[in-house]
$ cat target-v4.csv   # CSV, C-alpha atoms
chain,number,residue,atom,x,y,z
A,143,MET,CA,0.0,0.0,0.0
A,144,SER,CA,1.3,3.5,-0.9
A,145,ASP,CA,1.3,6.6,1.3
A,146,THR,CA,-1.7,8.1,-0.6
A,147,GLU,CA,-4.0,5.1,-0.4
A,148,PRO,CA,-6.4,5.0,2.6
A,149,GLU,CA,-5.7,2.4,5.3
A,150,THR,CA,-9.3,1.5,6.2
A,151,ALA,CA,-12.7,1.3,4.6
A,152,ASP,CA,-13.8,4.4,6.6
A,153,GLU,CA,-10.9,6.4,5.3
A,154,GLU,CA,-11.8,5.2,1.8
A,155,ILE,CA,-15.3,6.5,2.2
A,156,VAL,CA,-14.1,9.8,3.4
A,157,VAL,CA,-11.7,10.2,0.5
A,158,ALA,CA,-14.3,9.2,-2.0
A,159,VAL,CA,-17.0,11.5,-0.6
A,160,SER,CA,-14.5,14.4,-0.4
A,161,ASP,CA,-13.6,13.9,-4.0
A,162,PHE,CA,-17.3,13.7,-4.9
A,163,LEU,CA,-18.1,16.9,-3.1
A,164,ASP,CA,-15.1,18.7,-4.7
A,165,GLY,CA,-16.3,17.6,-8.2
A,166,LEU,CA,-13.1,15.6,-8.9
A,167,ARG,CA,-12.8,12.6,-11.2
A,168,THR,CA,-15.2,11.6,-14.0
A,169,GLU,CA,-18.9,11.8,-14.3
A,170,VAL,CA,-19.3,8.0,-14.3
A,171,TRP,CA,-17.3,7.7,-11.1
A,172,ARG,CA,-19.4,10.5,-9.5
A,173,ALA,CA,-22.6,8.7,-10.5
A,174,GLU,CA,-21.3,5.6,-8.8
A,175,ILE,CA,-20.5,7.5,-5.6
A,176,ALA,CA,-23.9,9.2,-5.7
A,177,ALA,CA,-25.6,5.8,-5.9
A,178,ARG,CA,-23.5,4.5,-3.0
A,179,ILE,CA,-24.4,7.6,-0.9
A,180,ALA,CA,-28.1,7.0,-1.6
A,181,ALA,CA,-27.9,3.3,-0.8
A,182,GLU,CA,-25.5,2.8,2.1
A,183,PRO,CA,-26.0,4.3,5.6
A,184,ALA,CA,-22.2,4.6,6.3
A,185,TRP,CA,-21.8,6.6,3.1
A,186,GLN,CA,-24.8,8.7,3.9
A,187,GLN,CA,-23.4,9.5,7.4
A,188,VAL,CA,-20.0,10.6,6.0
A,189,HIS,CA,-21.7,12.6,3.3
A,190,ALA,CA,-23.9,14.4,5.8
A,191,GLU,CA,-21.0,15.1,8.1
A,192,MET,CA,-18.9,16.5,5.3
A,193,VAL,CA,-21.7,18.7,4.0
A,194,GLU,CA,-22.3,20.1,7.5
A,195,THR,CA,-18.6,20.7,8.0
A,196,ARG,CA,-18.4,22.6,4.7
A,197,LYS,CA,-21.4,24.7,5.7
A,198,VAL,CA,-19.7,25.7,9.0
A,199,ALA,CA,-16.4,26.3,7.2
A,200,GLY,CA,-18.1,28.5,4.6
A,201,THR,CA,-19.8,30.5,7.3
A,202,LEU,CA,-16.6,31.0,9.2
A,203,SER,CA,-14.7,32.0,6.1
A,204,GLY,CA,-17.3,34.6,5.3
A,205,LEU,CA,-16.8,36.4,8.6
A,206,GLN,CA,-14.6,39.5,8.6
A,207,LYS,CA,-11.5,39.8,10.7
A,208,ALA,CA,-11.9,41.8,13.8
A,209,ARG,CA,-9.9,45.0,13.5
A,210,LEU,CA,-8.2,46.9,16.3
A,211,PRO,CA,-9.4,50.4,17.1
A,212,ALA,CA,-7.0,53.1,15.9
A,213,THR,CA,-6.2,54.2,19.4
A,214,PHE,CA,-5.7,50.7,20.8
A,215,ALA,CA,-2.0,51.1,21.7
A,216,GLN,CA,-2.6,54.5,23.3
A,217,ASP,CA,-5.5,53.1,25.3
A,218,VAL,CA,-3.5,50.1,26.5
A,219,THR,CA,-0.6,52.4,27.5
A,220,ALA,CA,-2.9,54.7,29.3
A,221,THR,CA,-4.6,51.8,31.2
A,222,ILE,CA,-1.2,50.4,32.3
A,223,HIS,CA,0.0,53.8,33.4
A,224,LYS,CA,-3.2,54.4,35.4
A,225,ARG,CA,-3.2,50.9,37.0
A,226,SER,CA,0.5,50.9,37.8
A,227,ALA,CA,0.4,54.4,39.3
A,228,GLY,CA,3.3,55.4,37.0
A,229,ARG,CA,5.7,52.6,38.1
A,230,PHE,CA,6.2,51.4,34.5
A,231,PHE,CA,6.3,54.7,32.8
A,232,ALA,CA,8.4,57.7,33.8
A,233,ARG,CA,7.1,61.2,33.4
A,234,ARG,CA,7.4,62.3,29.9
A,235,THR,CA,10.3,64.7,29.4
A,236,LEU,CA,10.7,67.5,26.8
A,237,GLY,CA,12.6,65.1,24.6
A,238,ASP,CA,9.7,62.7,24.6
A,239,ARG,CA,7.2,65.3,23.7
A,240,VAL,CA,9.1,67.3,21.1
A,241,PRO,CA,10.5,65.6,17.9
A,242,PHE,CA,14.2,65.3,17.6
A,243,GLY,CA,14.4,67.3,14.4
A,244,VAL,CA,12.8,70.3,16.1
A,245,LEU,CA,15.3,70.1,19.0
A,246,ALA,CA,18.2,69.9,16.6
A,247,ILE,CA,17.0,73.0,14.7
A,248,VAL,CA,16.6,75.0,17.9
A,249,ALA,CA,20.1,73.9,19.1
A,250,LEU,CA,21.7,74.9,15.7
A,251,LEU,CA,19.9,78.3,15.9
A,252,ALA,CA,21.2,78.8,19.5
A,253,ILE,CA,24.7,78.0,18.5
A,254,ALA,CA,24.5,80.3,15.5
A,255,ALA,CA,23.2,83.1,17.7
A,256,MET,CA,26.0,82.6,20.2
A,257,GLY,CA,28.6,82.6,17.4
A,258,TYR,CA,27.2,85.9,16.0
A,259,LEU,CA,27.2,87.5,19.5
A,260,MET,CA,30.8,86.5,20.0
A,261,TRP,CA,31.8,87.7,16.6
A,262,ALA,CA,30.0,91.1,17.0
A,263,SER,CA,31.2,91.7,20.5
A,264,GLN,CA,34.1,94.1,21.1
A,265,THR,CA,35.8,91.6,23.5
A,266,GLY,CA,34.6,88.4,21.8
A,267,SER,CA,37.2,85.9,20.7
A,268,LEU,CA,35.7,85.6,17.2
A,269,ALA,CA,35.8,89.3,16.6
A,270,PRO,CA,38.2,90.4,13.9
A,271,SER,CA,41.0,92.7,14.9
A,272,ARG,CA,39.6,96.2,14.4
A,273,ASP,CA,42.5,98.3,15.7
A,274,PRO,CA,45.9,97.3,14.5
A,275,GLU,CA,48.4,97.1,17.3
A,276,PRO,CA,51.0,100.0,17.2
A,277,ALA,CA,54.4,98.9,16.1
A,278,HIS,CA,57.0,98.8,18.9
A,279,HIS,CA,60.3,100.3,18.0
A,280,GLY,CA,62.8,99.3,20.6
A,281,SER,CA,63.4,102.7,22.2
A,282,GLY,CA,59.8,103.9,22.7
A,283,ALA,CA,58.9,101.1,25.1
A,284,LEU,CA,58.0,102.0,28.6
A,285,VAL,CA,59.5,98.9,30.0
A,286,ALA,CA,62.8,97.8,28.7
A,287,PRO,CA,63.4,94.1,28.4
A,288,PRO,CA,66.0,92.7,30.7
$ encode --input "target-v4.csv" --output "structure tokens"
Amino acid sequence: MSDTEPETADEEIVVAVSDFLDGLRTEVWRAEIAARIAAEPAWQQVHAEMVETRKVAGTLSGLQKARLPATFAQDVTATIHKRSAGRFFARRTLGDRVPFGVLAIVALLAIAAMGYLMWASQTGSLAPSRDPEPAHHGSGALVAPP
């Protein structure tokens, strides 16, 4: 016996009725199976069970999948936060509430403003030399080098 052949008479009936209901094989073969279903109680029982199973399967396949609400993750998070009294979630900081890109732009603007202020200041380290230093000619120095 091969792996595809049924092992018992009951399995043979199930395979035959399944093929019959699927519309497989020839018309002559299907007529023979229809006659056996009409005449033999074991075949009638298997046929009735398979028809009922297919009805239930058809009903279940027609159901739509349940979809999650759009705010499901937020609702679960809020519920956990409320029930845990904040033990699982720390307070939200500014970095959690403001996007990183916005913080980066603000930081770059602040650095640019500080750079401009340092450049424009009279005493700033970035300011260009506005007054050239007077040239020292050895004898005019107030303090003579040792």
$ atom_distance --input "target-v4.csv" --atom1 "CA of Val218 (chain A)" --atom2 "CA of Leu245 (chain A)"
28.5 Å
$ residues_around --input "target-v4.csv" --residues "region 168-180 of chain A" --least-positions-apart "2" --cutoff "12 Å" --atoms "only C-alpha atoms" --output "PyMOL selection string"
chain A and resi 154-166+182-190
$ atom_distance --input "target-v4.csv" --atom1 "CA of Ser226 (chain A)" --atom2 "CA of Val240 (chain A)"
24.9 Å
$ atom_distance --input "target-v4.csv" --atom1 "CA of Ala181 (chain A)" --atom2 "CA of Gly200 (chain A)"
27.6 Å
